[in-house]
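Novice: Input: one structure, supplied below.
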Amino acid sequence: MEWLNYHHLLYFWTAAKEGSITSASRTLNLSQPALSTQIRQLEASLGEKLFEKSGRGLRLTSAGQTAFRYAEEIFSLGREFQHQLKGHPTGRALQLVAGISDVLPKLMVHRLLRPALELGEPLRLACREAPLPRLLDALQTHEIDIVLSDAPCTPRSGAKAYNHLLGESGVELFGTPALAERHPGPFPGGLNGAPLLLPSPGNALRRSLDAWFERNGVVPVIVGEFDDTALLETFGAEGLGFFAAPAAISGEVARTYGVRSLGSLDGVRERTYAVSAERKLVHPAVLAILRAAKEEIFP
């Protein structure tokens with residue numbers, strides 16, 4: 001087993017914070033040649049260059065940025081360990097960094113994450129919203145703990161990750177009462193010519209909706225396409241078009257946006273996944289999310 005030289009890691013970490021070998025050598029009370037040698041030995045043991053020159057200073061490489069994040073956490077834990085043994089309270093809260101796929105409805109995300117904040121112990125929650133490929137990259141570099149997505153990670157993505165199905169839900173069509181009154185025909189035939197707000201092409205739900213309208217012989221008027229679900233639903237709340245949302249959060253959608261459900265879209269299902277870098281989930285907040293999803297949101 002290869003062991004990490006923590007002295008070398010400390011020298012690298014200091015140089016990264018100071019931005020130059022000269023400044024770091026003064027902080028550490030080491031000669032510049034000695035400090036440079038120690039950092040090169042760390043790079044050799046890791047098989048990666050950690051710094052590249054930038055003018056008169058240093059700039060972290062991609063591997064260096066990853067190493068710096070780990071070093072920050074390692075030395076932070078070391079200080080906490082010392083304080084704990086000395087009887088000092090750490091004040092450290094449990095931290096959860098959740099990556100949120102930008103196509104997930106925000107009300108669904110809120111319901112999924114809420115149980116993590118009700119653990120009974122302090123939690124620092126950080127949410128990072130982005131397209132799924134970018135989140136999977138961050139998952140691999142341990143920048144985030146878990147990804148919430150409407151689609152699983154596949155081998156094609158190139159990421160080594162594990163999918164945990166939180167549940168699946170039917171889908172309903174929603175609209176404001178005023179909009180529904182202007183299109184009073186029976187469902188779904190009354191939707192012919194009605195304004196519709198849809199996710200952008202390529203979205204999994206969009207493909208299912210397109211297929212559903214074609215199966216039912218319904219031709220609505222697409223008045224808007226959106227990458228961001230929250231923006232889509234905001235326009236829907238203004239009565240600019242009908243929109244689809246998971247039946248699992250139909251009550252929240254109706255209350256939040258002042259809309260009502262026209263009916264269920266038979267055969268259209270939406271799945272929600274948690275994607276992790278490890279096969280076995282151990283983070284207490286993540287376990288709380290999974291438990292609540294299976295028992296309360298997708299029973």
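Just remember, in the structure tokens the first chain shown is A, the second B, etc., residues are 1-based per chain, and ligands are 1-based in the order shown.
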Mind checking which residues fall within 7 Å of Leu165 in chain A, counting only C-alpha atoms, ignoring those fewer than 4 positions away in the same chain, and posting them as a count of residues only?
Specialist: 3
Novice: Find the residues near Ser276 in chain A: any atom within 8 Å, counting only C-alpha atoms, skip ones fewer than 5 places away on the same chain, and give them as JSON, numbers by chain.
Specialist: {"A": [139, 145, 146, 147, 161, 162, 163, 164, 281]}
Novice: For the selection you just gave me, I'd like the residues written to a file as an mmCIF file, in the first residue's frame, keeping all heavy atoms.
Specialist:
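out18.cif, written as the output of this step:
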```cif
data_model
loop_
_atom_site.group_PDB
_atom_site.id
_atom_site.type_symbol
_atom_site.label_atom_id
_atom_site.label_comp_id
_atom_site.auth_asym_id
_atom_site.auth_seq_id
_atom_site.Cartn_x
_atom_site.Cartn_y
_atom_site.Cartn_z
ATOM 1 N N LEU A 139 -18.934 14.778 -9.570
ATOM 2 C CA LEU A 139 -19.067 13.622 -8.682
ATOM 3 C C LEU A 139 -17.778 12.802 -8.672
ATOM 4 O O LEU A 139 -17.349 12.316 -7.619
ATOM 5 C CB LEU A 139 -20.243 12.755 -9.150
ATOM 6 C CG LEU A 139 -20.678 11.601 -8.245
ATOM 7 C CD1 LEU A 139 -21.293 12.141 -6.956
ATOM 8 C CD2 LEU A 139 -21.672 10.700 -8.968
ATOM 9 N N ASP A 145 -21.483 15.233 -3.267
ATOM 10 C CA ASP A 145 -21.694 13.944 -2.611
ATOM 11 C C ASP A 145 -22.700 13.069 -3.348
ATOM 12 O O ASP A 145 -22.593 11.841 -3.340
ATOM 13 C CB ASP A 145 -22.199 14.165 -1.172
ATOM 14 C CG ASP A 145 -21.207 14.939 -0.333
ATOM 15 O OD1 ASP A 145 -20.050 14.497 -0.252
ATOM 16 O OD2 ASP A 145 -21.577 15.993 0.227
ATOM 17 N N ILE A 146 -23.704 13.690 -3.959
ATOM 18 C CA ILE A 146 -24.791 12.940 -4.587
ATOM 19 C C ILE A 146 -25.380 13.785 -5.708
ATOM 20 O O ILE A 146 -25.353 15.017 -5.656
ATOM 21 C CB ILE A 146 -25.890 12.583 -3.545
ATOM 22 C CG1 ILE A 146 -26.783 11.453 -4.044
ATOM 23 C CG2 ILE A 146 -26.685 13.794 -3.142
ATOM 24 C CD1 ILE A 146 -26.138 10.084 -3.937
ATOM 25 N N VAL A 147 -25.880 13.127 -6.732
ATOM 26 C CA VAL A 147 -26.546 13.817 -7.844
ATOM 27 C C VAL A 147 -28.004 13.377 -7.875
ATOM 28 O O VAL A 147 -28.288 12.174 -7.839
ATOM 29 C CB VAL A 147 -25.874 13.488 -9.191
ATOM 30 C CG1 VAL A 147 -26.691 14.063 -10.348
ATOM 31 C CG2 VAL A 147 -24.467 14.046 -9.237
ATOM 32 N N ALA A 161 -20.127 5.472 -11.803
ATOM 33 C CA ALA A 161 -21.103 5.923 -10.811
ATOM 34 C C ALA A 161 -22.174 4.851 -10.657
ATOM 35 O O ALA A 161 -22.294 3.940 -11.481
ATOM 36 C CB ALA A 161 -21.718 7.252 -11.241
ATOM 37 N N TYR A 162 -22.945 4.984 -9.594
ATOM 38 C CA TYR A 162 -23.976 3.999 -9.274
ATOM 39 C C TYR A 162 -25.331 4.700 -9.167
ATOM 40 O O TYR A 162 -25.440 5.758 -8.543
ATOM 41 C CB TYR A 162 -23.635 3.280 -7.970
ATOM 42 C CG TYR A 162 -22.324 2.539 -8.047
ATOM 43 C CD1 TYR A 162 -21.134 3.153 -7.654
ATOM 44 C CD2 TYR A 162 -22.258 1.239 -8.540
ATOM 45 C CE1 TYR A 162 -19.921 2.484 -7.741
ATOM 46 C CE2 TYR A 162 -21.056 0.560 -8.627
ATOM 47 C CZ TYR A 162 -19.891 1.187 -8.227
ATOM 48 O OH TYR A 162 -18.702 0.524 -8.316
ATOM 49 N N ASN A 163 -26.335 4.096 -9.804
ATOM 50 C CA ASN A 163 -27.678 4.661 -9.818
ATOM 51 C C ASN A 163 -28.531 4.051 -8.713
ATOM 52 O O ASN A 163 -28.515 2.840 -8.507
ATOM 53 C CB ASN A 163 -28.349 4.396 -11.171
ATOM 54 C CG ASN A 163 -27.595 5.009 -12.321
ATOM 55 O OD1 ASN A 163 -27.295 6.192 -12.314
ATOM 56 N ND2 ASN A 163 -27.283 4.201 -13.332
ATOM 57 N N HIS A 164 -29.275 4.909 -8.031
ATOM 58 C CA HIS A 164 -30.197 4.459 -6.988
ATOM 59 C C HIS A 164 -31.561 5.046 -7.334
ATOM 60 O O HIS A 164 -31.768 6.266 -7.253
ATOM 61 C CB HIS A 164 -29.744 4.952 -5.607
ATOM 62 C CG HIS A 164 -28.300 4.648 -5.313
ATOM 63 N ND1 HIS A 164 -27.883 3.481 -4.718
ATOM 64 C CD2 HIS A 164 -27.169 5.363 -5.574
ATOM 65 C CE1 HIS A 164 -26.569 3.491 -4.603
ATOM 66 N NE2 HIS A 164 -26.112 4.617 -5.110
ATOM 67 N N LEU A 281 -24.263 3.519 -0.028
ATOM 68 C CA LEU A 281 -24.469 4.866 0.498
ATOM 69 C C LEU A 281 -24.367 4.837 2.022
ATOM 70 O O LEU A 281 -25.002 4.007 2.674
ATOM 71 C CB LEU A 281 -25.839 5.394 0.070
ATOM 72 C CG LEU A 281 -26.045 5.527 -1.444
ATOM 73 C CD1 LEU A 281 -27.470 5.953 -1.763
ATOM 74 C CD2 LEU A 281 -25.064 6.521 -2.037
#
```
Novice: Hey, which bits of range 134-200 of chain A sit within 12 Å of range 67-77 of chain A, and for each residue what's the closest pair of atoms and how far apart in Å (one decimal), counting only C-alpha atoms, rows by chain and increasing number, as JSON lines?
Specialist:
```
{"residue": "A:Thr141", "atom": "CA", "partner": "A:Arg69", "partner_atom": "CA", "distance": 9.6}
{"residue": "A:His142", "atom": "CA", "partner": "A:Tyr70", "partner_atom": "CA", "distance": 9.0}
{"residue": "A:Glu143", "atom": "CA", "partner": "A:Arg69", "partner_atom": "CA", "distance": 8.4}
{"residue": "A:Ile144", "atom": "CA", "partner": "A:Arg69", "partner_atom": "CA", "distance": 11.7}
```
Novice: Can you write just those residues out, N, CA, C and O atoms, as a PDB file, in the first residue's frame?
Specialist:
```pdb
ATOM      1  N   THR A 141     -14.756  13.851  -9.108  1.00  0.00           N
ATOM      2  CA  THR A 141     -13.681  14.556  -8.401  1.00  0.00           C
ATOM      3  C   THR A 141     -14.056  14.869  -6.957  1.00  0.00           C
ATOM      4  O   THR A 141     -13.367  15.636  -6.289  1.00  0.00           O
ATOM      5  N   HIS A 142     -15.177  14.282  -6.493  1.00  0.00           N
ATOM      6  CA  HIS A 142     -15.624  14.408  -5.106  1.00  0.00           C
ATOM      7  C   HIS A 142     -15.941  15.860  -4.714  1.00  0.00           C
ATOM      8  O   HIS A 142     -15.853  16.220  -3.537  1.00  0.00           O
ATOM      9  N   GLU A 143     -16.331  16.664  -5.692  1.00  0.00           N
ATOM     10  CA  GLU A 143     -16.785  18.016  -5.381  1.00  0.00           C
ATOM     11  C   GLU A 143     -18.203  17.996  -4.838  1.00  0.00           C
ATOM     12  O   GLU A 143     -18.618  18.927  -4.146  1.00  0.00           O
ATOM     13  N   ILE A 144     -18.960  16.979  -5.175  1.00  0.00           N
ATOM     14  CA  ILE A 144     -20.323  16.831  -4.671  1.00  0.00           C
ATOM     15  C   ILE A 144     -20.496  15.414  -4.138  1.00  0.00           C
ATOM     16  O   ILE A 144     -19.758  14.491  -4.512  1.00  0.00           O
TER      17      ILE A 144
END
```
Novice: Compile the contact shell of range 167-182 of chain A as a PyMOL selection string: residues with an atom at most 9 Å away, counting only C-alpha atoms, same-chain residues fewer than 2 positions apart removed.
Specialist: chain A and resi 165+184+194+236-248+250+253-254+257-273+293-294+297-299
Novice: If you run DSSP on this backbone, which residues of range 5-114 of chain A come out as helix (DSSP H, G or I), and could you give them as a PyMOL selection string?
Specialist: chain A and resi 6-18+21-28+32-46+62-85+106-114
Novice: Could you write out the selected residues, including C-alpha atoms, as a short mmCIF file (atom, residue, chain, number, x, y, z; two decimals), in the first residue's frame?
Specialist:
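Written file, again-v5.cif:
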```
data_model
loop_
_atom_site.label_atom_id
_atom_site.label_comp_id
_atom_site.auth_asym_id
_atom_site.auth_seq_id
_atom_site.Cartn_x
_atom_site.Cartn_y
_atom_site.Cartn_z
CA TYR A 6 1.68 14.49 4.65
CA HIS A 7 4.72 16.73 5.05
CA HIS A 8 4.94 17.00 1.28
CA LEU A 9 1.19 17.62 1.13
CA LEU A 10 1.53 20.43 3.69
CA TYR A 11 4.27 22.07 1.64
CA PHE A 12 2.16 21.83 -1.53
CA TRP A 13 -0.91 23.18 0.27
CA THR A 14 1.03 26.16 1.65
CA ALA A 15 2.53 26.96 -1.75
CA ALA A 16 -0.91 26.78 -3.35
CA LYS A 17 -2.35 29.19 -0.77
CA GLU A 18 0.59 31.59 -0.98
CA ILE A 21 7.44 29.20 -3.79
CA THR A 22 9.15 32.34 -2.47
CA SER A 23 6.25 33.32 -0.24
CA ALA A 24 5.61 29.74 0.89
CA SER A 25 9.27 29.22 1.80
CA ARG A 26 9.13 32.25 4.11
CA THR A 27 5.94 30.96 5.73
CA LEU A 28 7.40 27.49 6.26
CA GLN A 32 13.24 27.63 -1.82
CA PRO A 33 15.26 24.73 -3.33
CA ALA A 34 14.25 22.44 -0.45
CA LEU A 35 10.58 23.36 -0.80
CA SER A 36 10.65 22.86 -4.57
CA THR A 37 12.26 19.46 -4.12
CA GLN A 38 9.59 18.35 -1.63
CA ILE A 39 6.77 19.38 -3.98
CA ARG A 40 8.40 17.58 -6.92
CA GLN A 41 8.61 14.44 -4.77
CA LEU A 42 4.86 14.71 -4.06
CA GLU A 43 4.16 15.11 -7.79
CA ALA A 44 6.32 12.07 -8.54
CA SER A 45 4.47 9.95 -5.96
CA LEU A 46 1.08 11.01 -7.37
CA SER A 62 -6.52 20.36 -12.87
CA ALA A 63 -4.89 17.65 -10.73
CA GLY A 64 -3.53 20.36 -8.44
CA GLN A 65 -7.01 21.77 -7.88
CA THR A 66 -8.26 18.33 -6.86
CA ALA A 67 -5.26 17.84 -4.56
CA PHE A 68 -5.80 21.25 -2.99
CA ARG A 69 -9.46 20.49 -2.17
CA TYR A 70 -8.44 17.26 -0.47
CA ALA A 71 -5.59 18.98 1.38
CA GLU A 72 -7.99 21.65 2.66
CA GLU A 73 -10.29 18.96 4.04
CA ILE A 74 -7.45 16.88 5.49
CA PHE A 75 -5.88 19.75 7.41
CA SER A 76 -9.27 21.05 8.51
CA LEU A 77 -10.05 17.62 9.96
CA GLY A 78 -6.62 17.57 11.62
CA ARG A 79 -7.33 20.86 13.41
CA GLU A 80 -10.74 19.61 14.42
CA PHE A 81 -9.21 16.40 15.76
CA GLN A 82 -6.79 18.37 17.93
CA HIS A 83 -9.55 20.61 19.25
CA GLN A 84 -11.77 17.64 20.00
CA LEU A 85 -9.09 15.91 22.07
CA LYS A 106 -37.68 22.44 -8.04
CA LEU A 107 -40.65 21.39 -5.92
CA MET A 108 -39.55 17.77 -6.30
CA VAL A 109 -35.99 18.71 -5.32
CA HIS A 110 -37.32 20.51 -2.24
CA ARG A 111 -39.33 17.46 -1.15
CA LEU A 112 -36.35 15.18 -1.67
CA LEU A 113 -33.87 17.33 0.24
CA ARG A 114 -36.13 18.44 3.08
#
```
Novice: Write out as a count of residues only the residues lying within 6 Å of Ser101 in chain A, counting only C-alpha atoms and excluding same-chain residues fewer than 5 positions away.
Specialist: 5
Novice: When you draw a straight line from CA of Pro186 in chain A to CA of Arg206 in chain A, how long is it in Å?
Specialist: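 The value is 22.9 Å.
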Novice: Can you tell me, as number ranges by chain, what residues are no more than 9 Å from Phe226 in chain A when counting only C-alpha atoms, ignoring any on the same chain fewer than 5 positions away?
Specialist: A: 197-201, 231-232
Novice: Looking only at strand (DSSP E) from DSSP on the backbone, list the matching residues of range 15-129 of chain A as a list of chain:residue names.
Specialist: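 Written out, the strand (DSSP E) residues of range 15-129 of chain A are A:Phe51, A:Glu52, A:Lys53, A:Ser54, A:Gly57, A:Leu58, A:Arg59, A:Leu60, A:Leu94, A:Gln95, A:Leu96, A:Val97, A:Ala98, A:Gly99, A:Ile100, A:Ser101, A:Leu123, A:Arg124, A:Leu125, A:Ala126, A:Cys127, A:Arg128, A:Glu129.
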Novice: If you keep C-alpha atoms, can you produce a file of those selected residues as a CSV table (one decimal), in the first residue's frame?
Specialist:
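Result file follows (selection_17.csv):
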```csv
chain,number,residue,atom,x,y,z
A,51,PHE,CA,1.6,23.4,-10.5
A,52,GLU,CA,2.3,25.2,-13.8
A,53,LYS,CA,4.1,28.5,-14.1
A,54,SER,CA,1.9,31.7,-14.5
A,57,GLY,CA,3.8,32.9,-9.7
A,58,LEU,CA,2.3,29.4,-9.8
A,59,ARG,CA,-1.1,28.2,-11.0
A,60,LEU,CA,-2.7,24.9,-10.1
A,94,LEU,CA,-22.6,17.7,8.8
A,95,GLN,CA,-22.1,18.8,5.2
A,96,LEU,CA,-24.0,17.6,2.1
A,97,VAL,CA,-23.2,18.9,-1.4
A,98,ALA,CA,-26.0,17.9,-3.7
A,99,GLY,CA,-25.8,18.2,-7.5
A,100,ILE,CA,-29.2,18.9,-9.0
A,101,SER,CA,-29.9,18.2,-12.6
A,123,LEU,CA,-26.4,20.2,8.4
A,124,ARG,CA,-24.8,22.5,6.0
A,125,LEU,CA,-26.6,21.9,2.6
A,126,ALA,CA,-25.1,23.1,-0.6
A,127,CYS,CA,-26.9,22.7,-3.9
A,128,ARG,CA,-25.1,22.8,-7.3
A,129,GLU,CA,-27.4,23.0,-10.3
```
